[in-house]
Amino acid sequence: MPDTIKLAEYLFTRLKQLGIGAIHGVPGDFNLTLLDYVEPAGLQWVGNANELNAGYAADGYARIKGVGALITTFGVGELSAINAIAGAYAERAAVVHIVGTPDRPIQDERRLVHHTFNDGEFGRFAKMAAHVTVAQVDLKDPRTSPEHIDFALAQCLLHSRPVYIQVPVDMVSVPVAAERLQSEIRLPSTELTAHSYMVIDKILERMYEAEQPSILVDGETRSCGIVELVQNLVEVTGWPSWTTGFGWGLLDDTTPNVYGVYRGRFDAPTVHTFVQESDLVLYFGPHPSTTNSYSSTSVPKAEATISIGHNGIRMGDQDFRDIPAQLAVAQILKKLDVSKATPYTTPPDLSRPSAASYSEALNDKPITQELFWPMASKLVKAGDILMGETGSAGHGCRDFSLPQHVRTFLPVTWLSIGYMLGAAQGAALAQRELIASSQYHGIKSARTILFIGDGSFQMTVQELGTIIRHNLNVTVILINNDGYTIERVIHGLKQGYNDVAAWRYLQAPGFFGAKEDTFTAKISTLGELQGLLESEALSKAEGFKMVEVIMDREDVPAGPLEWLLQRQLGTSN
């Protein structure tokens, strides 16, 4: 390796070393020369319809592959993306946001240029970014730029949250020292101490004393890097285990003692009672926002809970900091004596009531939320990525039984409607890269299946063009229920502000460049749904497909949305 390398080459070499294979974004005049170095570095330039979608896509890519990146231009471009960056911050997706900025003389001389407030102030946008990123660096000095890049990327990985890197135009091709590239970016390690040993021993004591223990796995289990460790613990103990919506798919749903998403007071009474009466709940990767915890009703009792996450360990009302989750869970597994823990030789009956099933007598009946989701679960195969947009889609698909190695995206905390379509592009691209590099559980073919409502679809529809252009294996199931149903059930059931334009949705693939033989279908009856599910064309993983499903505007899945609807109708308990 030469002693020096151009700054852009250094940055992109580092991204490739982290496993990034593609960069999302939109060209703009302050990043154009930077983009010249993307493909020569062995990275794919995706090119999105707009910066917001690029941010969503980089987020989706990161949640599947570990880290993602996007490039925008100064001011107008980066602010278009900041909503997506904020969502990645809230839900811990490791996204590297690279911003091309005006050259240093322009900034130093406070010139009045475009994409600014025309006042010579160039620091405002970085201050905005500081609120939604864990590190911000401005690469204005070639002597320190490699170190600053490495610092930002390490912080991105350490916290699994976005970072912000500014690259002035005149710095793109400046030589910088290449020496650091010979070593991988290393995260700080934590050594076992007497304090951490004491905490682990206290956890083990609680595990041995528990008479009705259970396990709850939340979404930050992924960003803590403990998914496999927690799966091992679930299997070794045999304890009844659930996930939150955010954590769904991180556990192997086919494991006998894994019971899917725990839904708090909206769950089966036997399930809710069992969890709330557990005298020990091991709670991994906690993310207890109201929208991820069924209005806090799925959060276990504090006195019975041991939480293990990014900020350390919490037992009851005691916090034990500076014990990383990976270290804690690895030590629990290493020191656990299963013979001392409560066995469930006769597992309790924690199954949910059987869902309504299809029969030919229902052929001409309209499709309902109650019947659609159990039937549609047949679509999902091992290795697929399942996405349910904020709204009825994100709640209905939780009834699916997941095959092995299925990852899921559900509405969690940020809830920016339209997110899932952009994220589907990024997730599908990451999925394809992992399959191509034989790093996808031995699976050779899989797809990303997106269930999305008509209102959300209209927010980010342009990203269909990117999905189609890159020939990604994405199947879009559009729920056409004539507007913002989730908003209707919250407030304004009959109000016009919850209406959306009546699009001809199945013309969208053709408009965005799909081939004439692209599979599309529109269904409105249960018989049509059954026929669709049996069709070979839909079951194939390869390529883009789109289905429009007609449903009633005031029909929602059982659970929180049904409760909200009944409250508006004056029939809730």
# chains A, B, ... in the order shown; residues from 1 in each chain; ligands from 1
$ closest_atom_pairs --of "range 144-176 of chain A" --to "range 78-94 of chain A" --cutoff "12 Å" --atoms "only C-alpha atoms" --output "Markdown table"
| residue | atom | partner | partner_atom | distance |
| --- | --- | --- | --- | --- |
| A:Ala152 | CA | A:Ala94 | CA | 11.1 |
| A:Leu153 | CA | A:Ala94 | CA | 9.2 |
| A:Ala154 | CA | A:Ala94 | CA | 10.4 |
| A:Gln155 | CA | A:Ala94 | CA | 9.3 |
| A:Cys156 | CA | A:Ala94 | CA | 5.6 |
| A:Leu157 | CA | A:Ala94 | CA | 6.3 |
| A:Leu158 | CA | A:Ala94 | CA | 9.0 |
| A:His159 | CA | A:Arg92 | CA | 7.5 |
| A:Ser160 | CA | A:Ala94 | CA | 4.4 |
| A:Arg161 | CA | A:Ala94 | CA | 4.4 |
| A:Pro162 | CA | A:Ala94 | CA | 5.2 |
| A:Val163 | CA | A:Ala94 | CA | 7.9 |
| A:Tyr164 | CA | A:Ile85 | CA | 9.7 |
| A:Ile165 | CA | A:Glu78 | CA | 11.1 |
| A:Gln166 | CA | A:Glu78 | CA | 10.5 |
$ write_last_selection --atoms "N, CA, C and O atoms" --output "CSV table (one decimal), in the first residue's frame"
chain,number,residue,atom,x,y,z
A,152,ALA,N,-15.3,8.6,13.8
A,152,ALA,CA,-16.7,8.6,13.5
A,152,ALA,C,-17.2,7.2,13.3
A,152,ALA,O,-18.3,6.8,13.8
A,153,LEU,N,-16.5,6.4,12.5
A,153,LEU,CA,-17.0,5.1,12.1
A,153,LEU,C,-17.0,4.2,13.4
A,153,LEU,O,-17.9,3.4,13.5
A,154,ALA,N,-16.0,4.3,14.2
A,154,ALA,CA,-16.0,3.5,15.5
A,154,ALA,C,-17.2,3.9,16.3
A,154,ALA,O,-17.9,3.0,16.9
A,155,GLN,N,-17.6,5.2,16.4
A,155,GLN,CA,-18.7,5.6,17.2
A,155,GLN,C,-20.0,5.0,16.6
A,155,GLN,O,-21.0,4.6,17.3
A,156,CYS,N,-20.1,5.0,15.3
A,156,CYS,CA,-21.3,4.5,14.6
A,156,CYS,C,-21.5,3.0,15.0
A,156,CYS,O,-22.6,2.6,15.3
A,157,LEU,N,-20.4,2.3,15.0
A,157,LEU,CA,-20.5,0.8,15.3
A,157,LEU,C,-20.7,0.6,16.8
A,157,LEU,O,-21.5,-0.3,17.1
A,158,LEU,N,-20.1,1.4,17.6
A,158,LEU,CA,-20.2,1.2,19.0
A,158,LEU,C,-21.6,1.4,19.5
A,158,LEU,O,-22.1,0.7,20.4
A,159,HIS,N,-22.2,2.5,19.0
A,159,HIS,CA,-23.6,2.9,19.5
A,159,HIS,C,-24.7,2.4,18.6
A,159,HIS,O,-25.9,2.5,18.9
A,160,SER,N,-24.3,1.9,17.4
A,160,SER,CA,-25.3,1.5,16.4
A,160,SER,C,-26.3,2.7,16.2
A,160,SER,O,-27.5,2.5,16.2
A,161,ARG,N,-25.7,3.8,15.9
A,161,ARG,CA,-26.5,5.0,15.6
A,161,ARG,C,-25.8,5.8,14.5
A,161,ARG,O,-24.6,5.6,14.3
A,162,PRO,N,-26.5,6.8,13.9
A,162,PRO,CA,-25.8,7.5,12.7
A,162,PRO,C,-24.7,8.4,13.2
A,162,PRO,O,-24.6,8.9,14.3
A,163,VAL,N,-23.8,8.6,12.2
A,163,VAL,CA,-22.7,9.6,12.4
A,163,VAL,C,-22.7,10.5,11.1
A,163,VAL,O,-23.3,10.2,10.1
A,164,TYR,N,-22.1,11.7,11.2
A,164,TYR,CA,-22.2,12.7,10.3
A,164,TYR,C,-20.7,13.1,9.8
A,164,TYR,O,-19.9,13.5,10.7
A,165,ILE,N,-20.4,13.0,8.6
A,165,ILE,CA,-19.1,13.3,8.1
A,165,ILE,C,-19.2,14.3,6.9
A,165,ILE,O,-19.8,14.1,5.9
A,166,GLN,N,-18.6,15.5,7.1
A,166,GLN,CA,-18.6,16.5,6.1
A,166,GLN,C,-17.3,16.5,5.3
A,166,GLN,O,-16.2,16.4,5.9
$ select_by_dssp --residues "range 299-493 of chain A" --states "helix (DSSP H, G or I)" --output "NGL selection string"
:A and (302-304 or 325-335 or 338-340 or 360-362 or 369-379 or 392-399 or 419-436 or 454-460 or 463-469 or 485-490)
$ atom_distance --atom1 "CA of Phe400 in chain A" --atom2 "CA of Arg504 in chain A"
28.8 Å
$ closest_atom_pairs --of "range 276-355 of chain A" --to "range 183-200 of chain A" --cutoff "7 Å" --atoms "only C-alpha atoms" --output "CSV"
residue,atom,partner,partner_atom,distance
A:Ile323,CA,A:Ser196,CA,6.4
A:Ala328,CA,A:Ile200,CA,6.8
A:Ile332,CA,A:Ile200,CA,6.5
$ residues_around --residues "Ile308 in chain A" --least-positions-apart "5" --cutoff "8 Å" --atoms "only C-alpha atoms" --output "list of chain:residue names"
A:Leu282, A:Tyr283, A:Phe284, A:Gly285, A:Pro286, A:Ile313, A:Arg314, A:Ala325, A:Ala328
$ closest_residue --among "A:Leu421, A:Val476, A:Ala436, A:Ile106" --to "Asn53 in chain A" --atoms "only C-alpha atoms"
A:Leu421
$ closest_atom_pairs --of "range 90-149 of chain A" --to "range 55-73 of chain A" --cutoff "9 Å" --atoms "only C-alpha atoms" --output "Markdown table"
| residue | atom | partner | partner_atom | distance |
| --- | --- | --- | --- | --- |
| A:Arg92 | CA | A:Arg63 | CA | 8.6 |
| A:Ala93 | CA | A:Asp59 | CA | 5.8 |
| A:Ala94 | CA | A:Val67 | CA | 4.8 |
| A:Val95 | CA | A:Gly68 | CA | 4.9 |
| A:Val96 | CA | A:Ala69 | CA | 4.5 |
| A:His97 | CA | A:Leu70 | CA | 5.3 |
| A:Ile98 | CA | A:Ile71 | CA | 4.7 |
| A:Val99 | CA | A:Thr72 | CA | 5.1 |
| A:Gly100 | CA | A:Thr73 | CA | 4.9 |
| A:Thr101 | CA | A:Thr73 | CA | 6.6 |
| A:His115 | CA | A:Thr73 | CA | 8.9 |
$ select_by_dssp --residues "range 85-128 of chain A" --states "strand (DSSP E or B)" --output "ChimeraX atom specification"
/A:95-101
$ closest_residue --among "A:Arg407, A:Glu39, A:Glu220, A:Ala376" --to "Glu534 in chain A" --atoms "only C-alpha atoms"
A:Ala376
$ residues_around --residues "range 382-399 of chain A" --least-positions-apart "6" --cutoff "8 Å" --atoms "only C-alpha atoms" --output "compact mmCIF listing (two decimals) with N, CA and C atoms, in the first residue's frame"
# COMPACT_ATOMS: atom_id res chain seq x y z
N GLY A 245 -42.51 -6.28 19.24
CA GLY A 245 -42.61 -6.07 17.80
C GLY A 245 -41.26 -5.74 17.19
N VAL A 261 -44.76 -12.55 19.28
CA VAL A 261 -44.78 -11.20 19.84
C VAL A 261 -45.68 -11.16 21.08
N GLN A 369 -59.59 -8.05 7.33
CA GLN A 369 -58.34 -8.12 8.07
C GLN A 369 -58.25 -9.43 8.86
N TRP A 373 -54.68 -11.91 7.07
CA TRP A 373 -53.34 -12.12 7.61
C TRP A 373 -53.00 -13.59 7.84
N PRO A 374 -53.88 -14.40 8.41
CA PRO A 374 -53.55 -15.83 8.52
C PRO A 374 -53.33 -16.49 7.16
N HIS A 405 -34.83 -17.91 9.96
CA HIS A 405 -34.00 -16.89 9.32
C HIS A 405 -34.81 -15.80 8.62
N VAL A 406 -36.01 -15.55 9.11
CA VAL A 406 -36.82 -14.44 8.59
C VAL A 406 -36.57 -13.23 9.48
N ARG A 407 -36.23 -12.11 8.86
CA ARG A 407 -36.09 -10.86 9.60
C ARG A 407 -37.33 -10.00 9.36
N THR A 408 -37.69 -9.21 10.35
CA THR A 408 -38.90 -8.42 10.23
C THR A 408 -38.61 -6.94 10.50
N PHE A 409 -39.41 -6.10 9.87
CA PHE A 409 -39.44 -4.66 10.14
C PHE A 409 -40.88 -4.30 10.48
N LEU A 410 -41.11 -3.81 11.68
CA LEU A 410 -42.43 -3.37 12.10
C LEU A 410 -42.35 -1.95 12.62
N PRO A 411 -43.48 -1.24 12.70
CA PRO A 411 -43.46 0.10 13.29
C PRO A 411 -43.02 0.02 14.75
N LEU A 415 -41.95 5.90 13.58
CA LEU A 415 -43.24 5.82 12.88
C LEU A 415 -43.41 6.88 11.79
N SER A 416 -42.40 7.06 10.97
CA SER A 416 -42.51 7.96 9.83
C SER A 416 -43.13 7.19 8.68
N ILE A 417 -44.40 7.46 8.40
CA ILE A 417 -45.08 6.64 7.40
C ILE A 417 -44.44 6.83 6.03
N GLY A 418 -44.34 5.73 5.31
CA GLY A 418 -43.62 5.70 4.05
C GLY A 418 -42.21 5.16 4.20
N TYR A 419 -41.72 5.07 5.43
CA TYR A 419 -40.37 4.57 5.69
C TYR A 419 -40.14 3.21 5.07
N MET A 420 -41.11 2.33 5.18
CA MET A 420 -40.88 0.93 4.82
C MET A 420 -40.57 0.73 3.34
N ALA A 424 -37.29 -1.01 2.32
CA ALA A 424 -37.36 -2.28 1.58
C ALA A 424 -36.30 -2.33 0.49
N ALA A 427 -32.97 -2.91 2.39
CA ALA A 427 -32.93 -4.25 2.98
C ALA A 427 -32.77 -5.32 1.91
N ALA A 428 -33.50 -5.16 0.81
CA ALA A 428 -33.42 -6.15 -0.27
C ALA A 428 -32.04 -6.17 -0.90
N TYR A 440 -25.62 -16.03 4.05
CA TYR A 440 -27.05 -15.92 4.35
C TYR A 440 -27.63 -17.28 4.73
N HIS A 441 -27.03 -17.89 5.73
CA HIS A 441 -27.54 -19.14 6.31
C HIS A 441 -27.64 -20.27 5.29
N ILE A 443 -28.83 -20.03 2.40
CA ILE A 443 -30.00 -19.80 1.55
C ILE A 443 -29.56 -19.17 0.24
N SER A 445 -31.81 -18.21 -2.33
CA SER A 445 -32.81 -17.34 -2.94
C SER A 445 -33.80 -16.90 -1.88
N ALA A 446 -34.08 -15.61 -1.83
CA ALA A 446 -35.04 -15.07 -0.87
C ALA A 446 -35.53 -13.73 -1.38
N ARG A 447 -36.54 -13.20 -0.73
CA ARG A 447 -37.08 -11.92 -1.18
C ARG A 447 -37.47 -11.06 0.03
N THR A 448 -37.76 -9.82 -0.26
CA THR A 448 -38.28 -8.89 0.73
C THR A 448 -39.75 -8.66 0.41
N ILE A 449 -40.61 -8.93 1.39
CA ILE A 449 -42.06 -8.79 1.20
C ILE A 449 -42.54 -7.62 2.02
N LEU A 450 -43.10 -6.64 1.34
CA LEU A 450 -43.56 -5.41 2.00
C LEU A 450 -45.08 -5.33 1.97
N PHE A 451 -45.67 -5.26 3.15
CA PHE A 451 -47.10 -4.96 3.29
C PHE A 451 -47.22 -3.48 3.65
N ILE A 452 -47.93 -2.73 2.83
CA ILE A 452 -47.97 -1.28 3.01
C ILE A 452 -49.35 -0.75 2.63
N GLY A 453 -49.81 0.24 3.37
CA GLY A 453 -51.10 0.86 3.07
C GLY A 453 -51.00 1.87 1.95
N SER A 456 -49.42 5.37 3.01
CA SER A 456 -47.96 5.31 3.18
C SER A 456 -47.26 5.15 1.84
N ILE A 479 -52.20 -2.57 0.65
CA ILE A 479 -53.53 -2.63 1.25
C ILE A 479 -54.27 -1.33 0.89
N THR A 485 -56.10 4.77 7.33
CA THR A 485 -56.95 4.06 8.29
C THR A 485 -56.43 4.20 9.72
N ILE A 486 -55.11 4.17 9.90
CA ILE A 486 -54.60 4.28 11.27
C ILE A 486 -54.94 5.64 11.87
N VAL A 556 -59.95 -3.15 10.69
CA VAL A 556 -58.59 -3.17 11.20
C VAL A 556 -58.32 -4.50 11.91
N PRO A 557 -57.05 -4.86 12.08
CA PRO A 557 -56.73 -6.09 12.81
C PRO A 557 -57.11 -5.99 14.29
N ALA A 558 -57.35 -7.12 14.90
CA ALA A 558 -57.62 -7.14 16.34
C ALA A 558 -56.41 -6.60 17.09
N GLY A 559 -56.67 -5.97 18.23
CA GLY A 559 -55.58 -5.41 19.02
C GLY A 559 -55.76 -3.92 19.22
N LEU A 561 -55.50 -1.26 17.28
CA LEU A 561 -56.26 -0.50 16.29
C LEU A 561 -57.76 -0.77 16.44
$ decode --residues "range 295-439 of chain A" --atoms "C-alpha atoms" --output "PDB file, in the first residue's frame"
ATOM      1  CA  SER A 295     -49.053   1.398  25.578  1.00  0.00           C
ATOM      2  CA  SER A 296     -46.562   0.100  28.158  1.00  0.00           C
ATOM      3  CA  THR A 297     -48.721  -2.946  29.000  1.00  0.00           C
ATOM      4  CA  SER A 298     -46.118  -5.408  27.700  1.00  0.00           C
ATOM      5  CA  VAL A 299     -43.368  -3.980  29.910  1.00  0.00           C
ATOM      6  CA  PRO A 300     -42.765  -6.561  32.654  1.00  0.00           C
ATOM      7  CA  LYS A 301     -42.892  -5.636  36.352  1.00  0.00           C
ATOM      8  CA  ALA A 302     -39.754  -3.792  37.400  1.00  0.00           C
ATOM      9  CA  GLU A 303     -39.205  -5.849  40.535  1.00  0.00           C
ATOM     10  CA  ALA A 304     -39.181  -9.084  38.507  1.00  0.00           C
ATOM     11  CA  THR A 305     -37.097  -7.802  35.606  1.00  0.00           C
ATOM     12  CA  ILE A 306     -33.407  -7.964  34.775  1.00  0.00           C
ATOM     13  CA  SER A 307     -32.774  -5.745  31.750  1.00  0.00           C
ATOM     14  CA  ILE A 308     -29.594  -6.131  29.709  1.00  0.00           C
ATOM     15  CA  GLY A 309     -28.940  -3.513  27.056  1.00  0.00           C
ATOM     16  CA  HIS A 310     -26.699  -0.763  25.711  1.00  0.00           C
ATOM     17  CA  ASN A 311     -26.614   1.175  28.969  1.00  0.00           C
ATOM     18  CA  GLY A 312     -25.695  -1.739  31.196  1.00  0.00           C
ATOM     19  CA  ILE A 313     -27.809  -3.953  33.426  1.00  0.00           C
ATOM     20  CA  ARG A 314     -30.826  -3.009  35.512  1.00  0.00           C
ATOM     21  CA  MET A 315     -32.169  -5.246  38.294  1.00  0.00           C
ATOM     22  CA  GLY A 316     -35.301  -3.892  39.888  1.00  0.00           C
ATOM     23  CA  ASP A 317     -34.430  -0.291  40.744  1.00  0.00           C
ATOM     24  CA  GLN A 318     -30.646  -0.823  40.656  1.00  0.00           C
ATOM     25  CA  ASP A 319     -28.457   0.126  37.691  1.00  0.00           C
ATOM     26  CA  PHE A 320     -25.108  -1.529  37.001  1.00  0.00           C
ATOM     27  CA  ARG A 321     -23.249   0.382  34.331  1.00  0.00           C
ATOM     28  CA  ASP A 322     -20.166  -0.344  32.240  1.00  0.00           C
ATOM     29  CA  ILE A 323     -21.038  -3.998  31.655  1.00  0.00           C
ATOM     30  CA  PRO A 324     -21.544  -4.433  27.886  1.00  0.00           C
ATOM     31  CA  ALA A 325     -24.387  -6.704  26.841  1.00  0.00           C
ATOM     32  CA  GLN A 326     -22.105  -9.054  24.888  1.00  0.00           C
ATOM     33  CA  LEU A 327     -19.877  -9.586  27.895  1.00  0.00           C
ATOM     34  CA  ALA A 328     -22.827 -10.060  30.257  1.00  0.00           C
ATOM     35  CA  VAL A 329     -24.722 -12.627  28.185  1.00  0.00           C
ATOM     36  CA  ALA A 330     -21.577 -14.539  27.262  1.00  0.00           C
ATOM     37  CA  GLN A 331     -20.669 -14.837  30.940  1.00  0.00           C
ATOM     38  CA  ILE A 332     -24.202 -15.913  31.903  1.00  0.00           C
ATOM     39  CA  LEU A 333     -24.047 -18.697  29.329  1.00  0.00           C
ATOM     40  CA  LYS A 334     -20.558 -19.714  30.389  1.00  0.00           C
ATOM     41  CA  LYS A 335     -21.339 -19.923  34.125  1.00  0.00           C
ATOM     42  CA  LEU A 336     -24.971 -21.116  33.968  1.00  0.00           C
ATOM     43  CA  ASP A 337     -25.677 -24.462  35.637  1.00  0.00           C
ATOM     44  CA  VAL A 338     -28.930 -25.463  33.951  1.00  0.00           C
ATOM     45  CA  SER A 339     -29.596 -28.152  36.552  1.00  0.00           C
ATOM     46  CA  LYS A 340     -30.122 -25.410  39.149  1.00  0.00           C
ATOM     47  CA  ALA A 341     -32.666 -23.495  37.034  1.00  0.00           C
ATOM     48  CA  THR A 342     -36.401 -24.155  36.927  1.00  0.00           C
ATOM     49  CA  PRO A 343     -37.166 -26.656  34.158  1.00  0.00           C
ATOM     50  CA  TYR A 344     -40.447 -26.603  32.256  1.00  0.00           C
ATOM     51  CA  THR A 345     -40.829 -30.345  31.839  1.00  0.00           C
ATOM     52  CA  THR A 346     -44.544 -29.815  31.175  1.00  0.00           C
ATOM     53  CA  PRO A 347     -44.715 -26.522  29.310  1.00  0.00           C
ATOM     54  CA  PRO A 348     -47.664 -24.293  30.204  1.00  0.00           C
ATOM     55  CA  ASP A 349     -50.328 -23.805  27.540  1.00  0.00           C
ATOM     56  CA  LEU A 350     -49.301 -20.438  26.117  1.00  0.00           C
ATOM     57  CA  SER A 351     -50.764 -20.884  22.655  1.00  0.00           C
ATOM     58  CA  ARG A 352     -53.069 -18.241  21.275  1.00  0.00           C
ATOM     59  CA  PRO A 353     -56.582 -18.978  19.980  1.00  0.00           C
ATOM     60  CA  SER A 354     -56.512 -20.357  16.450  1.00  0.00           C
ATOM     61  CA  ALA A 355     -57.037 -17.781  13.733  1.00  0.00           C
ATOM     62  CA  ALA A 356     -60.096 -17.928  11.542  1.00  0.00           C
ATOM     63  CA  SER A 357     -59.488 -20.133   8.501  1.00  0.00           C
ATOM     64  CA  TYR A 358     -60.505 -19.995   4.852  1.00  0.00           C
ATOM     65  CA  SER A 359     -63.095 -22.281   3.282  1.00  0.00           C
ATOM     66  CA  GLU A 360     -64.473 -22.375  -0.259  1.00  0.00           C
ATOM     67  CA  ALA A 361     -67.841 -21.283   1.091  1.00  0.00           C
ATOM     68  CA  LEU A 362     -66.254 -17.849   1.605  1.00  0.00           C
ATOM     69  CA  ASN A 363     -65.039 -17.473  -1.992  1.00  0.00           C
ATOM     70  CA  ASP A 364     -67.233 -14.491  -2.862  1.00  0.00           C
ATOM     71  CA  LYS A 365     -66.858 -12.742   0.486  1.00  0.00           C
ATOM     72  CA  PRO A 366     -64.825  -9.526   0.635  1.00  0.00           C
ATOM     73  CA  ILE A 367     -61.330  -9.731   2.084  1.00  0.00           C
ATOM     74  CA  THR A 368     -61.242  -8.861   5.775  1.00  0.00           C
ATOM     75  CA  GLN A 369     -58.337  -8.120   8.075  1.00  0.00           C
ATOM     76  CA  GLU A 370     -59.349 -11.094  10.249  1.00  0.00           C
ATOM     77  CA  LEU A 371     -58.933 -13.616   7.422  1.00  0.00           C
ATOM     78  CA  PHE A 372     -56.321 -11.911   5.268  1.00  0.00           C
ATOM     79  CA  TRP A 373     -53.336 -12.121   7.605  1.00  0.00           C
ATOM     80  CA  PRO A 374     -53.550 -15.832   8.516  1.00  0.00           C
ATOM     81  CA  MET A 375     -53.935 -16.649   4.835  1.00  0.00           C
ATOM     82  CA  ALA A 376     -51.156 -14.318   3.663  1.00  0.00           C
ATOM     83  CA  SER A 377     -48.647 -15.825   6.099  1.00  0.00           C
ATOM     84  CA  LYS A 378     -48.145 -18.629   3.571  1.00  0.00           C
ATOM     85  CA  LEU A 379     -46.175 -16.189   1.410  1.00  0.00           C
ATOM     86  CA  VAL A 380     -43.224 -16.010   3.797  1.00  0.00           C
ATOM     87  CA  LYS A 381     -40.395 -18.497   3.272  1.00  0.00           C
ATOM     88  CA  ALA A 382     -37.104 -19.127   5.066  1.00  0.00           C
ATOM     89  CA  GLY A 383     -34.716 -16.189   4.655  1.00  0.00           C
ATOM     90  CA  ASP A 384     -37.337 -13.693   3.550  1.00  0.00           C
ATOM     91  CA  ILE A 385     -37.484 -10.192   4.993  1.00  0.00           C
ATOM     92  CA  LEU A 386     -40.993  -9.312   6.176  1.00  0.00           C
ATOM     93  CA  MET A 387     -41.967  -5.648   6.428  1.00  0.00           C
ATOM     94  CA  GLY A 388     -45.209  -4.181   7.754  1.00  0.00           C
ATOM     95  CA  GLU A 389     -45.662  -0.421   7.380  1.00  0.00           C
ATOM     96  CA  THR A 390     -47.074   1.728  10.172  1.00  0.00           C
ATOM     97  CA  GLY A 391     -50.829   1.127  10.239  1.00  0.00           C
ATOM     98  CA  SER A 392     -52.974  -1.954   9.780  1.00  0.00           C
ATOM     99  CA  ALA A 393     -50.189  -3.728   7.861  1.00  0.00           C
ATOM    100  CA  GLY A 394     -47.705  -3.378  10.701  1.00  0.00           C
ATOM    101  CA  HIS A 395     -50.186  -4.823  13.183  1.00  0.00           C
ATOM    102  CA  GLY A 396     -51.818  -7.497  11.044  1.00  0.00           C
ATOM    103  CA  CYS A 397     -48.675  -9.309   9.945  1.00  0.00           C
ATOM    104  CA  ARG A 398     -47.721 -10.057  13.567  1.00  0.00           C
ATOM    105  CA  ASP A 399     -50.033 -13.061  13.340  1.00  0.00           C
ATOM    106  CA  PHE A 400     -47.632 -14.790  10.940  1.00  0.00           C
ATOM    107  CA  SER A 401     -45.734 -17.901  11.959  1.00  0.00           C
ATOM    108  CA  LEU A 402     -42.182 -17.198  10.882  1.00  0.00           C
ATOM    109  CA  PRO A 403     -39.961 -19.814   9.214  1.00  0.00           C
ATOM    110  CA  GLN A 404     -36.278 -19.822  10.138  1.00  0.00           C
ATOM    111  CA  HIS A 405     -33.998 -16.891   9.316  1.00  0.00           C
ATOM    112  CA  VAL A 406     -36.816 -14.444   8.592  1.00  0.00           C
ATOM    113  CA  ARG A 407     -36.086 -10.859   9.601  1.00  0.00           C
ATOM    114  CA  THR A 408     -38.895  -8.417  10.233  1.00  0.00           C
ATOM    115  CA  PHE A 409     -39.444  -4.657  10.138  1.00  0.00           C
ATOM    116  CA  LEU A 410     -42.434  -3.373  12.100  1.00  0.00           C
ATOM    117  CA  PRO A 411     -43.457   0.097  13.291  1.00  0.00           C
ATOM    118  CA  VAL A 412     -41.473   0.748  16.460  1.00  0.00           C
ATOM    119  CA  THR A 413     -40.985   4.309  17.718  1.00  0.00           C
ATOM    120  CA  TRP A 414     -40.231   6.865  15.009  1.00  0.00           C
ATOM    121  CA  LEU A 415     -43.237   5.822  12.877  1.00  0.00           C
ATOM    122  CA  SER A 416     -42.512   7.962   9.828  1.00  0.00           C
ATOM    123  CA  ILE A 417     -45.081   6.636   7.404  1.00  0.00           C
ATOM    124  CA  GLY A 418     -43.618   5.699   4.049  1.00  0.00           C
ATOM    125  CA  TYR A 419     -40.371   4.572   5.693  1.00  0.00           C
ATOM    126  CA  MET A 420     -40.878   0.927   4.820  1.00  0.00           C
ATOM    127  CA  LEU A 421     -40.835   1.368   1.032  1.00  0.00           C
ATOM    128  CA  GLY A 422     -37.453   3.082   1.065  1.00  0.00           C
ATOM    129  CA  ALA A 423     -36.184   0.665   3.712  1.00  0.00           C
ATOM    130  CA  ALA A 424     -37.362  -2.276   1.579  1.00  0.00           C
ATOM    131  CA  GLN A 425     -35.029  -1.161  -1.190  1.00  0.00           C
ATOM    132  CA  GLY A 426     -32.058  -1.026   1.176  1.00  0.00           C
ATOM    133  CA  ALA A 427     -32.930  -4.248   2.983  1.00  0.00           C
ATOM    134  CA  ALA A 428     -33.419  -6.154  -0.272  1.00  0.00           C
ATOM    135  CA  LEU A 429     -30.073  -4.934  -1.585  1.00  0.00           C
ATOM    136  CA  ALA A 430     -28.327  -6.010   1.631  1.00  0.00           C
ATOM    137  CA  GLN A 431     -30.103  -9.371   1.418  1.00  0.00           C
ATOM    138  CA  ARG A 432     -28.878  -9.860  -2.155  1.00  0.00           C
ATOM    139  CA  GLU A 433     -25.298  -8.995  -1.187  1.00  0.00           C
ATOM    140  CA  LEU A 434     -25.324 -11.476   1.694  1.00  0.00           C
ATOM    141  CA  ILE A 435     -26.711 -14.243  -0.532  1.00  0.00           C
ATOM    142  CA  ALA A 436     -24.096 -13.507  -3.217  1.00  0.00           C
ATOM    143  CA  SER A 437     -21.287 -13.748  -0.654  1.00  0.00           C
ATOM    144  CA  SER A 438     -22.661 -17.006   0.838  1.00  0.00           C
ATOM    145  CA  GLN A 439     -23.286 -15.336   4.199  1.00  0.00           C
TER     146      GLN A 439
END
